Each structure stands twice: as C-alpha cells, then as structure tokens.
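J.: My questions will all concern the structure given below.
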Amino acid sequence: MLIRKATMEDLAALVAVERECFPPLEAATEKDFKGRLEHYADHFWLLFDGDKLIGFVDGMVTSIPDLTDEMYEKAEMHDEAGDWQMIFGVNTIPSYRRQGCAEALMKQAIADAKAQGRKGLVLTCKDKLLHYYAKFGFVDEGVSESVHGNVVWYQMRLVF
C-alpha cells in the first residue's frame with residue numbers, strides 16, 4: 001500500500017472512487033475534482049494497492065474556521081497559508097473497508113496538517129460516523145449549517 005499526493009492524471013480514478021463511495025447528490029463531480037486538483041493537489045492523500053486507487057482524503061486549507069458548502073464548489077477559496085485543513089471526503093472503496101485504509105489516510109492528513117503548522121482539521125460527517133472520527137481526536141461541534149446533498153451533517157474539529 002502506498003499513500004501519495006494527487007496529480008491531474010488521477011482525475012478519472014478519483015471520480016470513479018467518489019462515485020463508489022457517495023450517493024449522487026453527495027458525490028463531487030469531475031468538474032469539482034478538476035478545480036480542486038488545480039488549486040490544491042497537495043491536499044489530496046491517495047491510497048493505492050499496486051496501481052489501483054482504493055481510497056483518498058481531500059480538502060482545502062483556509063483560515064475560515066467552519067466548513068461551508070461554498071468551499072466544496074469554489075476551489076479557489078483555498079489559502080495555502082490558512083489555519084485549518086478542511087476534510088471534504090474520506091473515501092475507501094467498499095471491498096477495502098474495515099481494513100485500516102481510511103485510518104491510514106486520516107493519520108497521514110493529520111500528520112501533514114500538524115507539520116504544516118495548521119491549527120487543526122475540520123470535517124463534517126453523518127451521525128453514524130461521529131464515533132469513528134472521535135477516535136482520531138475530533139470533537140463533535142453539533143449540527144453543521146451544511147445542506148450538502150440534503151443530508152444532516154455534524155461538524156467535527158481536531159485542534160492541535
């Protein structure tokens with residue numbers, strides 16, 4: 001297993017994995033990923049089994065403290081000097097789940113954010129995943145203002 005940063009050549013594979021992991025209303029589009037790769041490819045953590053992309057974590061950096069729906073759509077909001085590493089997606093294809101893949105990706109994203117001098121990381125998740133992210137030190141801040149995909153999201157924050 002190998003974790004590396006993304007390049008534009010990974011676009012099709014990222015879209016394919018995203019479609020396996022999220023329902024259509026929640027999944028990022030090819031256009032979304034293209035913009036994200038153009039603005040912050042170094043804030044993608046990709047996990048491979050051989051040549052196969054099996055999972056990834058991505059998100060922009062900003063000094064805005066809360067994750068907003070606007071961030072998903074406007075990659076140009078990325079600020080490399082920002083305080084907070086946002087996490088937009090934690091993706092593992094179904095056949096590789098429950099094998100530590102997402103954990104390895106999250107640990108790498110957390111370590112990188114800490115090494116870069118960020119204040120911490122912010123993500124949103126569904127209630128069934130609150131306990132999962134808590135094991136990394138994320139704290140539930142309650143229901144997010146996000147209406148992404150017409151789902152109830154909870155904001156969680158890990159402060160260094």
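We name chains A, B, ... following the order of the structure tokens; residues begin at 1 in each chain, and ligands are numbered from 1 as shown.
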If you count only C-alpha atoms, which residues fall within 6 Å of range 142-144 of chain A, apart from same-chain ones fewer than 4 positions away, as a PyMOL selection string?

T.: chain A and resi 153-155

J.: Could you save those same residues with N, CA and C atoms as a JSON list (two decimals), in the first residue's frame?

T.:
[["chain", "number", "residue", "atom", "x", "y", "z"],
["A", 153, "TRP", "N", -25.57, 17.00, 8.53],
["A", 153, "TRP", "CA", -24.13, 16.83, 8.75],
["A", 153, "TRP", "C", -23.76, 17.40, 10.11],
["A", 154, "TYR", "N", -22.79, 16.77, 10.75],
["A", 154, "TYR", "CA", -22.24, 17.23, 12.01],
["A", 154, "TYR", "C", -20.83, 17.72, 11.77],
["A", 155, "GLN", "N", -20.50, 18.88, 12.32],
["A", 155, "GLN", "CA", -19.14, 19.39, 12.18],
["A", 155, "GLN", "C", -18.28, 18.85, 13.31]]

J.: Could you pull out the residues in chain A that DSSP calls alpha helix (DSSP H) from the backbone, as a PDB file with N, CA, C and O atoms, in the first residue's frame?

T.:
ATOM      1  N   LEU A  11      -7.377  12.233 -12.059  1.00  0.00           N
ATOM      2  CA  LEU A  11      -8.750  12.736 -12.107  1.00  0.00           C
ATOM      3  C   LEU A  11      -9.787  11.635 -12.322  1.00  0.00           C
ATOM      4  O   LEU A  11     -10.745  11.509 -11.548  1.00  0.00           O
ATOM      5  N   ALA A  12      -9.632  10.825 -13.340  1.00  0.00           N
ATOM      6  CA  ALA A  12     -10.635   9.797 -13.643  1.00  0.00           C
ATOM      7  C   ALA A  12     -10.767   8.788 -12.505  1.00  0.00           C
ATOM      8  O   ALA A  12     -11.882   8.390 -12.141  1.00  0.00           O
ATOM      9  N   ALA A  13      -9.654   8.398 -11.920  1.00  0.00           N
ATOM     10  CA  ALA A  13      -9.684   7.433 -10.816  1.00  0.00           C
ATOM     11  C   ALA A  13     -10.361   8.039  -9.585  1.00  0.00           C
ATOM     12  O   ALA A  13     -11.127   7.351  -8.888  1.00  0.00           O
ATOM     13  N   LEU A  14     -10.099   9.318  -9.303  1.00  0.00           N
ATOM     14  CA  LEU A  14     -10.748   9.989  -8.171  1.00  0.00           C
ATOM     15  C   LEU A  14     -12.256  10.019  -8.349  1.00  0.00           C
ATOM     16  O   LEU A  14     -13.006   9.710  -7.413  1.00  0.00           O
ATOM     17  N   VAL A  15     -12.703  10.364  -9.541  1.00  0.00           N
ATOM     18  CA  VAL A  15     -14.144  10.415  -9.823  1.00  0.00           C
ATOM     19  C   VAL A  15     -14.765   9.027  -9.659  1.00  0.00           C
ATOM     20  O   VAL A  15     -15.837   8.878  -9.059  1.00  0.00           O
ATOM     21  N   ALA A  16     -14.086   8.004 -10.134  1.00  0.00           N
ATOM     22  CA  ALA A  16     -14.614   6.637 -10.027  1.00  0.00           C
ATOM     23  C   ALA A  16     -14.751   6.202  -8.572  1.00  0.00           C
ATOM     24  O   ALA A  16     -15.776   5.629  -8.177  1.00  0.00           O
ATOM     25  N   VAL A  17     -13.746   6.477  -7.763  1.00  0.00           N
ATOM     26  CA  VAL A  17     -13.802   6.103  -6.344  1.00  0.00           C
ATOM     27  C   VAL A  17     -14.897   6.899  -5.639  1.00  0.00           C
ATOM     28  O   VAL A  17     -15.673   6.341  -4.854  1.00  0.00           O
ATOM     29  N   GLU A  18     -14.978   8.187  -5.912  1.00  0.00           N
ATOM     30  CA  GLU A  18     -16.012   9.027  -5.298  1.00  0.00           C
ATOM     31  C   GLU A  18     -17.409   8.475  -5.598  1.00  0.00           C
ATOM     32  O   GLU A  18     -18.270   8.427  -4.715  1.00  0.00           O
ATOM     33  N   ARG A  19     -17.632   8.043  -6.818  1.00  0.00           N
ATOM     34  CA  ARG A  19     -18.946   7.508  -7.202  1.00  0.00           C
ATOM     35  C   ARG A  19     -19.262   6.199  -6.490  1.00  0.00           C
ATOM     36  O   ARG A  19     -20.426   5.880  -6.261  1.00  0.00           O
ATOM     37  N   GLU A  20     -18.219   5.431  -6.157  1.00  0.00           N
ATOM     38  CA  GLU A  20     -18.436   4.192  -5.407  1.00  0.00           C
ATOM     39  C   GLU A  20     -18.754   4.460  -3.942  1.00  0.00           C
ATOM     40  O   GLU A  20     -19.368   3.630  -3.280  1.00  0.00           O
ATOM     41  N   CYS A  21     -18.302   5.611  -3.438  1.00  0.00           N
ATOM     42  CA  CYS A  21     -18.376   5.876  -2.006  1.00  0.00           C
ATOM     43  C   CYS A  21     -19.524   6.771  -1.568  1.00  0.00           C
ATOM     44  O   CYS A  21     -19.920   6.727  -0.404  1.00  0.00           O
ATOM     45  N   GLU A  30     -16.692  15.456 -11.654  1.00  0.00           N
ATOM     46  CA  GLU A  30     -15.398  15.568 -12.332  1.00  0.00           C
ATOM     47  C   GLU A  30     -14.952  17.029 -12.368  1.00  0.00           C
ATOM     48  O   GLU A  30     -13.782  17.339 -12.126  1.00  0.00           O
ATOM     49  N   LYS A  31     -15.880  17.930 -12.634  1.00  0.00           N
ATOM     50  CA  LYS A  31     -15.560  19.360 -12.650  1.00  0.00           C
ATOM     51  C   LYS A  31     -15.059  19.827 -11.276  1.00  0.00           C
ATOM     52  O   LYS A  31     -14.094  20.584 -11.181  1.00  0.00           O
ATOM     53  N   ASP A  32     -15.727  19.363 -10.208  1.00  0.00           N
ATOM     54  CA  ASP A  32     -15.292  19.710  -8.845  1.00  0.00           C
ATOM     55  C   ASP A  32     -13.849  19.261  -8.614  1.00  0.00           C
ATOM     56  O   ASP A  32     -13.013  20.030  -8.129  1.00  0.00           O
ATOM     57  N   PHE A  33     -13.573  18.008  -8.958  1.00  0.00           N
ATOM     58  CA  PHE A  33     -12.231  17.474  -8.721  1.00  0.00           C
ATOM     59  C   PHE A  33     -11.183  18.166  -9.578  1.00  0.00           C
ATOM     60  O   PHE A  33     -10.058  18.393  -9.134  1.00  0.00           O
ATOM     61  N   LYS A  34     -11.542  18.512 -10.792  1.00  0.00           N
ATOM     62  CA  LYS A  34     -10.587  19.217 -11.657  1.00  0.00           C
ATOM     63  C   LYS A  34     -10.177  20.536 -11.002  1.00  0.00           C
ATOM     64  O   LYS A  34      -8.990  20.859 -10.920  1.00  0.00           O
ATOM     65  N   GLY A  35     -11.151  21.286 -10.511  1.00  0.00           N
ATOM     66  CA  GLY A  35     -10.856  22.543  -9.827  1.00  0.00           C
ATOM     67  C   GLY A  35     -10.029  22.336  -8.573  1.00  0.00           C
ATOM     68  O   GLY A  35      -9.085  23.087  -8.301  1.00  0.00           O
ATOM     69  N   ARG A  36     -10.370  21.319  -7.822  1.00  0.00           N
ATOM     70  CA  ARG A  36      -9.620  21.035  -6.597  1.00  0.00           C
ATOM     71  C   ARG A  36      -8.167  20.674  -6.919  1.00  0.00           C
ATOM     72  O   ARG A  36      -7.248  21.145  -6.248  1.00  0.00           O
ATOM     73  N   LEU A  37      -7.976  19.848  -7.925  1.00  0.00           N
ATOM     74  CA  LEU A  37      -6.614  19.468  -8.308  1.00  0.00           C
ATOM     75  C   LEU A  37      -5.817  20.673  -8.808  1.00  0.00           C
ATOM     76  O   LEU A  37      -4.610  20.769  -8.564  1.00  0.00           O
ATOM     77  N   GLU A  38      -6.478  21.577  -9.511  1.00  0.00           N
ATOM     78  CA  GLU A  38      -5.795  22.787  -9.990  1.00  0.00           C
ATOM     79  C   GLU A  38      -5.370  23.685  -8.839  1.00  0.00           C
ATOM     80  O   GLU A  38      -4.334  24.349  -8.923  1.00  0.00           O
ATOM     81  N   HIS A  39      -6.129  23.709  -7.752  1.00  0.00           N
ATOM     82  CA  HIS A  39      -5.852  24.629  -6.644  1.00  0.00           C
ATOM     83  C   HIS A  39      -5.139  24.000  -5.450  1.00  0.00           C
ATOM     84  O   HIS A  39      -4.408  24.704  -4.744  1.00  0.00           O
ATOM     85  N   TYR A  40      -5.354  22.711  -5.201  1.00  0.00           N
ATOM     86  CA  TYR A  40      -4.719  22.136  -4.008  1.00  0.00           C
ATOM     87  C   TYR A  40      -4.491  20.624  -4.116  1.00  0.00           C
ATOM     88  O   TYR A  40      -4.827  19.855  -3.213  1.00  0.00           O
ATOM     89  N   ASP A  69     -20.643  24.915   2.685  1.00  0.00           N
ATOM     90  CA  ASP A  69     -20.965  24.294   1.400  1.00  0.00           C
ATOM     91  C   ASP A  69     -20.267  25.000   0.247  1.00  0.00           C
ATOM     92  O   ASP A  69     -19.900  24.367  -0.743  1.00  0.00           O
ATOM     93  N   GLU A  70     -20.072  26.306   0.361  1.00  0.00           N
ATOM     94  CA  GLU A  70     -19.409  27.076  -0.680  1.00  0.00           C
ATOM     95  C   GLU A  70     -18.003  26.537  -0.965  1.00  0.00           C
ATOM     96  O   GLU A  70     -17.541  26.549  -2.106  1.00  0.00           O
ATOM     97  N   MET A  71     -17.333  26.040   0.059  1.00  0.00           N
ATOM     98  CA  MET A  71     -15.970  25.523  -0.104  1.00  0.00           C
ATOM     99  C   MET A  71     -15.914  24.326  -1.052  1.00  0.00           C
ATOM    100  O   MET A  71     -14.938  24.152  -1.768  1.00  0.00           O
ATOM    101  N   TYR A  72     -16.952  23.507  -1.037  1.00  0.00           N
ATOM    102  CA  TYR A  72     -16.987  22.334  -1.915  1.00  0.00           C
ATOM    103  C   TYR A  72     -16.971  22.749  -3.383  1.00  0.00           C
ATOM    104  O   TYR A  72     -16.408  22.059  -4.227  1.00  0.00           O
ATOM    105  N   GLU A  73     -17.616  23.860  -3.669  1.00  0.00           N
ATOM    106  CA  GLU A  73     -17.810  24.287  -5.054  1.00  0.00           C
ATOM    107  C   GLU A  73     -16.779  25.284  -5.551  1.00  0.00           C
ATOM    108  O   GLU A  73     -16.610  25.455  -6.756  1.00  0.00           O
ATOM    109  N   CYS A 101      -7.688   1.251   5.928  1.00  0.00           N
ATOM    110  CA  CYS A 101      -7.319   2.162   4.830  1.00  0.00           C
ATOM    111  C   CYS A 101      -7.640   3.614   5.165  1.00  0.00           C
ATOM    112  O   CYS A 101      -6.774   4.491   5.051  1.00  0.00           O
ATOM    113  N   ALA A 102      -8.878   3.885   5.566  1.00  0.00           N
ATOM    114  CA  ALA A 102      -9.267   5.257   5.910  1.00  0.00           C
ATOM    115  C   ALA A 102      -8.452   5.758   7.101  1.00  0.00           C
ATOM    116  O   ALA A 102      -8.044   6.922   7.136  1.00  0.00           O
ATOM    117  N   GLU A 103      -8.181   4.867   8.040  1.00  0.00           N
ATOM    118  CA  GLU A 103      -7.379   5.249   9.206  1.00  0.00           C
ATOM    119  C   GLU A 103      -5.975   5.689   8.782  1.00  0.00           C
ATOM    120  O   GLU A 103      -5.465   6.709   9.254  1.00  0.00           O
ATOM    121  N   ALA A 104      -5.356   4.952   7.887  1.00  0.00           N
ATOM    122  CA  ALA A 104      -4.020   5.314   7.405  1.00  0.00           C
ATOM    123  C   ALA A 104      -4.037   6.671   6.704  1.00  0.00           C
ATOM    124  O   ALA A 104      -3.150   7.507   6.909  1.00  0.00           O
ATOM    125  N   LEU A 105      -5.055   6.900   5.886  1.00  0.00           N
ATOM    126  CA  LEU A 105      -5.186   8.179   5.191  1.00  0.00           C
ATOM    127  C   LEU A 105      -5.417   9.325   6.172  1.00  0.00           C
ATOM    128  O   LEU A 105      -4.808  10.394   6.042  1.00  0.00           O
ATOM    129  N   MET A 106      -6.298   9.131   7.130  1.00  0.00           N
ATOM    130  CA  MET A 106      -6.572  10.180   8.112  1.00  0.00           C
ATOM    131  C   MET A 106      -5.330  10.494   8.939  1.00  0.00           C
ATOM    132  O   MET A 106      -5.024  11.669   9.187  1.00  0.00           O
ATOM    133  N   LYS A 107      -4.615   9.477   9.359  1.00  0.00           N
ATOM    134  CA  LYS A 107      -3.398   9.710  10.143  1.00  0.00           C
ATOM    135  C   LYS A 107      -2.374  10.510   9.344  1.00  0.00           C
ATOM    136  O   LYS A 107      -1.696  11.380   9.891  1.00  0.00           O
ATOM    137  N   GLN A 108      -2.274  10.232   8.041  1.00  0.00           N
ATOM    138  CA  GLN A 108      -1.331  10.975   7.200  1.00  0.00           C
ATOM    139  C   GLN A 108      -1.784  12.420   7.032  1.00  0.00           C
ATOM    140  O   GLN A 108      -0.966  13.350   7.119  1.00  0.00           O
ATOM    141  N   ALA A 109      -3.071  12.638   6.787  1.00  0.00           N
ATOM    142  CA  ALA A 109      -3.596  14.001   6.645  1.00  0.00           C
ATOM    143  C   ALA A 109      -3.385  14.792   7.932  1.00  0.00           C
ATOM    144  O   ALA A 109      -2.983  15.970   7.895  1.00  0.00           O
ATOM    145  N   ILE A 110      -3.634  14.170   9.075  1.00  0.00           N
ATOM    146  CA  ILE A 110      -3.444  14.833  10.368  1.00  0.00           C
ATOM    147  C   ILE A 110      -1.971  15.164  10.582  1.00  0.00           C
ATOM    148  O   ILE A 110      -1.622  16.291  10.974  1.00  0.00           O
ATOM    149  N   ALA A 111      -1.092  14.210  10.314  1.00  0.00           N
ATOM    150  CA  ALA A 111       0.354  14.443  10.491  1.00  0.00           C
ATOM    151  C   ALA A 111       0.845  15.569   9.584  1.00  0.00           C
ATOM    152  O   ALA A 111       1.640  16.422  10.017  1.00  0.00           O
ATOM    153  N   ASP A 112       0.378  15.594   8.345  1.00  0.00           N
ATOM    154  CA  ASP A 112       0.800  16.638   7.411  1.00  0.00           C
ATOM    155  C   ASP A 112       0.299  18.010   7.863  1.00  0.00           C
ATOM    156  O   ASP A 112       1.043  18.997   7.811  1.00  0.00           O
ATOM    157  N   ALA A 113      -0.960  18.087   8.302  1.00  0.00           N
ATOM    158  CA  ALA A 113      -1.509  19.367   8.763  1.00  0.00           C
ATOM    159  C   ALA A 113      -0.731  19.876   9.971  1.00  0.00           C
ATOM    160  O   ALA A 113      -0.429  21.074  10.073  1.00  0.00           O
ATOM    161  N   LYS A 114      -0.381  18.980  10.862  1.00  0.00           N
ATOM    162  CA  LYS A 114       0.398  19.364  12.045  1.00  0.00           C
ATOM    163  C   LYS A 114       1.782  19.850  11.637  1.00  0.00           C
ATOM    164  O   LYS A 114       2.245  20.900  12.096  1.00  0.00           O
ATOM    165  N   ALA A 115       2.440  19.131  10.731  1.00  0.00           N
ATOM    166  CA  ALA A 115       3.775  19.507  10.263  1.00  0.00           C
ATOM    167  C   ALA A 115       3.762  20.846   9.530  1.00  0.00           C
ATOM    168  O   ALA A 115       4.763  21.573   9.534  1.00  0.00           O
ATOM    169  N   LEU A 130     -19.715   9.770  13.805  1.00  0.00           N
ATOM    170  CA  LEU A 130     -19.157  10.615  14.865  1.00  0.00           C
ATOM    171  C   LEU A 130     -18.148   9.853  15.717  1.00  0.00           C
ATOM    172  O   LEU A 130     -17.066  10.358  16.013  1.00  0.00           O
ATOM    173  N   HIS A 131     -18.482   8.635  16.097  1.00  0.00           N
ATOM    174  CA  HIS A 131     -17.576   7.836  16.934  1.00  0.00           C
ATOM    175  C   HIS A 131     -16.276   7.500  16.212  1.00  0.00           C
ATOM    176  O   HIS A 131     -15.219   7.422  16.824  1.00  0.00           O
ATOM    177  N   TYR A 132     -16.360   7.298  14.895  1.00  0.00           N
ATOM    178  CA  TYR A 132     -15.158   6.944  14.120  1.00  0.00           C
ATOM    179  C   TYR A 132     -14.143   8.081  14.160  1.00  0.00           C
ATOM    180  O   TYR A 132     -12.967   7.876  14.461  1.00  0.00           O
ATOM    181  N   TYR A 133     -14.588   9.296  13.864  1.00  0.00           N
ATOM    182  CA  TYR A 133     -13.655  10.425  13.835  1.00  0.00           C
ATOM    183  C   TYR A 133     -13.214  10.838  15.237  1.00  0.00           C
ATOM    184  O   TYR A 133     -12.112  11.366  15.410  1.00  0.00           O
ATOM    185  N   ALA A 134     -14.037  10.561  16.242  1.00  0.00           N
ATOM    186  CA  ALA A 134     -13.655  10.860  17.624  1.00  0.00           C
ATOM    187  C   ALA A 134     -12.395  10.087  18.020  1.00  0.00           C
ATOM    188  O   ALA A 134     -11.581  10.585  18.796  1.00  0.00           O
TER     189      ALA A 134
END

J.: Which distance in Å separates CA of Thr7 in chain A and CA of Asn91 in chain A, to one decimal?

T.: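 Between these atoms lies a distance of 17.1 Å.
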
J.: Of the residues A:Lys126, A:Arg4, A:Lys52, A:Arg98, which is the one nearest to Gly149 in chain A, using only C-alpha atoms?

T.: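 Smallest separation from Gly149 in chain A among the options: A:Lys126.
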
J.: DSSP says strand (DSSP E) for which residues of range 1-158 of chain A? Put them as a PyMOL selection string?

T.: chain A and resi 2-4+44-49+52-58+61-62+84-87+89-92+120-125+139-143+154-158

J.: Quick one: residues within 7 Å of Val90 in chain A, only C-alpha atoms, excluding same-chain residues fewer than 2 positions away - as a list in words?

T.: Phe56, Val57, Thr92 and Ala102 of chain A

J.: Check the smallest atom-to-atom distance from each of A:Tyr96, A:Phe48, A:Phe136, A:Phe22 to Leu121 in chain A using only C-alpha atoms, then report the winner.

T.: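 Of all the options, A:Phe136 lies closest to Leu121 in chain A.
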
J.: When you draw a straight line from CA of Met86 in chain A to CA of Lys119 in chain A, how long is it in Å?

T.: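 It comes out at 11.1 Å.
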
J.: At what distance in Å, to one decimal, does CA of Phe138 in chain A lie from CA of Val159 in chain A?

T.: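 The value is 7.7 Å.
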
J.: If we count only C-alpha atoms, what is near Thr68 in chain A at a cut-off of 12 Å, once residues fewer than 5 positions away on the same chain are taken out, given as JSON, numbers by chain?

T.: {"A": [59, 60, 62, 73, 74, 77, 86, 87, 88, 122, 123, 124, 144, 145, 146, 147, 148, 153, 154, 155]}
